[in-house]
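Remarks on the structure that follows.
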Amino acid sequence: MLCVVAFAQTPRPGQSSLELELSLFVQLPAGKSIPGAVQLVWIPEPLEKYCFGKTHEQCASMDFCIRTTTKNVSTCRNLAVDLAHLPAYPPEMRPRRMLSVTLYLARMKGWQELQDYVARAPKSTLEHFSQMARIKAKVAFTRTPEDDDLRVLEILSVPKL
């Protein structure tokens with residue numbers, strides 16, 4: 001038996017939350033087909049074009065190298081693209097980093113349509129970032145001084161196959 005209890009939380013100083021309608025990338029969690037599981041990813045706009053055709057891990061590495069002050073680490077030396085070509089993120093950009101959420105057997109509006117899309121989509125479009133694998137979703141976006149957070153509230157639309 002599953003029991004879920006929700007507690008109201010008082011926002012921390014500097015925390016802000018808002019609901020947004022976003023275009024999120026659809027991926028297989030860890031690049032594997034896991035029945036009932038889907039990974040949704042929000043990539044900072046300046047990084048998007050560099051992530052097309054790349055895996056989640058490659059894109060996350062590029063995101064890390066853009067944000068880190070220590071660019072001489074192995075992760076940044078072995079990127080899929082030249083680090084010098086990656087743009088800096090503007091201050092106050094949403095999101096401040098690549099955000100991913102893995103949903104498993106979720107109960108939300110649009111979940112079944114998303115599951116149907118994932119079942120029919122070519123695996124290659126779900127293993128590498130693709131314009132063809134984007135959905136529209138309503139999300140709760142929370143910003144604190146330390147980090148950003150994303151919670152998917154509803155799937156609004158999925159691509160046609």
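By order of appearance in the structure tokens: chains A, B, ..., then residues from 1 within every chain, and ligands from 1 in the order shown.
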
query = What are the DSSP strand (DSSP E) residues of stretch 3-159 of chain A, as a ChimeraX atom specification?
reply = /A:16-27,37-42,99-104,134-143,148-157

Just to be explicit: take each residue in the selection above, keep C-alpha atoms, and write the result as a PDB file, in the first residue's frame.
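Done, and the output landed in selection-v7.pdb:
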```pdb
ATOM      1  CA  SER A  16      10.507  31.890  -5.630  1.00  0.00           C
ATOM      2  CA  SER A  17       8.126  29.531  -7.410  1.00  0.00           C
ATOM      3  CA  LEU A  18       6.019  29.872 -10.519  1.00  0.00           C
ATOM      4  CA  GLU A  19       4.098  27.725 -12.939  1.00  0.00           C
ATOM      5  CA  LEU A  20       5.358  27.699 -16.516  1.00  0.00           C
ATOM      6  CA  GLU A  21       4.434  26.013 -19.784  1.00  0.00           C
ATOM      7  CA  LEU A  22       7.672  24.640 -21.221  1.00  0.00           C
ATOM      8  CA  SER A  23       8.958  22.598 -24.103  1.00  0.00           C
ATOM      9  CA  LEU A  24      10.883  19.676 -22.572  1.00  0.00           C
ATOM     10  CA  PHE A  25      12.980  17.002 -24.245  1.00  0.00           C
ATOM     11  CA  VAL A  26      11.878  13.381 -23.880  1.00  0.00           C
ATOM     12  CA  GLN A  27      14.597  10.810 -23.191  1.00  0.00           C
ATOM     13  CA  ALA A  37       9.624   5.406 -17.054  1.00  0.00           C
ATOM     14  CA  VAL A  38      10.356   8.609 -18.977  1.00  0.00           C
ATOM     15  CA  GLN A  39      13.015  11.267 -18.453  1.00  0.00           C
ATOM     16  CA  LEU A  40      12.098  14.877 -19.228  1.00  0.00           C
ATOM     17  CA  VAL A  41      14.873  17.434 -19.660  1.00  0.00           C
ATOM     18  CA  TRP A  42      14.965  21.236 -19.642  1.00  0.00           C
ATOM     19  CA  LEU A  99      17.386  20.054 -15.209  1.00  0.00           C
ATOM     20  CA  SER A 100      16.106  16.487 -15.574  1.00  0.00           C
ATOM     21  CA  VAL A 101      13.257  14.641 -13.960  1.00  0.00           C
ATOM     22  CA  THR A 102      12.488  10.951 -14.343  1.00  0.00           C
ATOM     23  CA  LEU A 103       8.825  10.062 -14.104  1.00  0.00           C
ATOM     24  CA  TYR A 104       7.789   6.506 -13.328  1.00  0.00           C
ATOM     25  CA  ARG A 134       9.874  17.456 -27.370  1.00  0.00           C
ATOM     26  CA  ILE A 135       6.695  17.780 -25.381  1.00  0.00           C
ATOM     27  CA  LYS A 136       4.799  20.718 -23.944  1.00  0.00           C
ATOM     28  CA  ALA A 137       4.307  20.511 -20.167  1.00  0.00           C
ATOM     29  CA  LYS A 138       3.040  22.604 -17.295  1.00  0.00           C
ATOM     30  CA  VAL A 139       5.698  22.687 -14.586  1.00  0.00           C
ATOM     31  CA  ALA A 140       6.353  24.210 -11.194  1.00  0.00           C
ATOM     32  CA  PHE A 141       9.718  25.968 -11.316  1.00  0.00           C
ATOM     33  CA  THR A 142      11.371  26.837  -8.001  1.00  0.00           C
ATOM     34  CA  ARG A 143      14.442  29.011  -7.644  1.00  0.00           C
ATOM     35  CA  ASP A 148      16.732  25.589  -9.420  1.00  0.00           C
ATOM     36  CA  ASP A 149      14.137  22.817  -9.250  1.00  0.00           C
ATOM     37  CA  LEU A 150      11.527  21.485 -11.662  1.00  0.00           C
ATOM     38  CA  ARG A 151       8.337  19.524 -10.968  1.00  0.00           C
ATOM     39  CA  VAL A 152       6.125  18.373 -13.834  1.00  0.00           C
ATOM     40  CA  LEU A 153       2.440  19.043 -13.152  1.00  0.00           C
ATOM     41  CA  GLU A 154       0.798  18.073 -16.447  1.00  0.00           C
ATOM     42  CA  ILE A 155       1.666  16.916 -19.962  1.00  0.00           C
ATOM     43  CA  LEU A 156      -0.028  19.340 -22.357  1.00  0.00           C
ATOM     44  CA  SER A 157       0.954  17.861 -25.727  1.00  0.00           C
TER      45      SER A 157
END
```

request  = Pick out each residue of chain A that DSSP on the backbone tags as helix (DSSP H, G or I); I need them as JSON, numbers by chain.
outcome  = {"A": [29, 30, 31, 45, 46, 47, 48, 49, 50, 51, 56, 57, 58, 59, 60, 61, 62, 63, 64, 65, 66, 67, 74, 75, 76, 77, 83, 84, 85, 111, 112, 113, 114, 115, 116, 117, 118, 119, 120, 123, 124, 125, 126, 127]}

message = My list of candidates is A:Pro145, A:Pro95, A:Pro122, A:Pro46. Which is closest to A:Ser33 when distances are computed with only C-alpha atoms?
response = A:Pro122

key: Computed interatomic separation between atom CA of A:Trp111 and atom CA of A:Pro35 (Å)   = 13.2 Å

request  = Report the distance between atom CA of A:Leu79 and atom CA of A:Phe52 in Å, rounded to one decimal place.
outcome  =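 Separation between atom CA of A:Leu79 and atom CA of A:Phe52: 14.0 Å.
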
key: Residue nearest A:Lys123 among A:Thr75, A:Met108, A:Pro29, A:Gln15 (counting only C-alpha atoms)   =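 Smallest separation from A:Lys123 among the options: A:Pro29.
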
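Residue neighbourhood of A:Leu47, excluding near-sequence residues (fewer than 4 positions): Ile43, Cys51, Cys59, Met62, Asp63, Leu86, Pro87, Tyr89 and Met98 of chain A, at 9 Å, using only C-alpha atoms.
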
Write out, as a PDB file, in the first residue's frame, the residues just selected, with C-alpha atoms.
```
ATOM      1  CA  ILE A  43      18.148  22.491 -21.305  1.00  0.00           C
ATOM      2  CA  CYS A  51      22.997  19.128 -27.403  1.00  0.00           C
ATOM      3  CA  CYS A  59      24.926  17.440 -22.745  1.00  0.00           C
ATOM      4  CA  MET A  62      28.818  20.539 -21.520  1.00  0.00           C
ATOM      5  CA  ASP A  63      26.428  22.203 -19.065  1.00  0.00           C
ATOM      6  CA  LEU A  86      30.159  27.033 -25.759  1.00  0.00           C
ATOM      7  CA  PRO A  87      28.387  30.250 -24.706  1.00  0.00           C
ATOM      8  CA  TYR A  89      24.974  31.569 -19.468  1.00  0.00           C
ATOM      9  CA  MET A  98      20.259  21.579 -17.184  1.00  0.00           C
TER      10      MET A  98
END
```

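With only C-alpha atoms as the basis for measurement, A:Pro159 is the residue among A:Cys65, A:Gly36, A:Thr55, A:Pro159 that approaches A:Gln131 most closely.
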
request  = Tell me, as a VMD selection string, which residues lie within 7 Å of A:Gly53, counting only C-alpha atoms; anything in the same chain fewer than 5 positions away does not count.
outcome  = chain A and resid 128 to 130

request  = Give me, please, the distance in Å between atom CA of A:Ala80 and atom CA of A:Met93, quoted to one decimal.
outcome  =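 Taking atom CA of A:Ala80 and atom CA of A:Met93, their separation equals 23.7 Å.
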
key: Selected residue of minimal separation from A:Lys160 among A:Ala84, A:Arg120, A:Cys76, A:Ile34, counting only C-alpha atoms   =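 Closest residue, counting only C-alpha atoms: A:Arg120.
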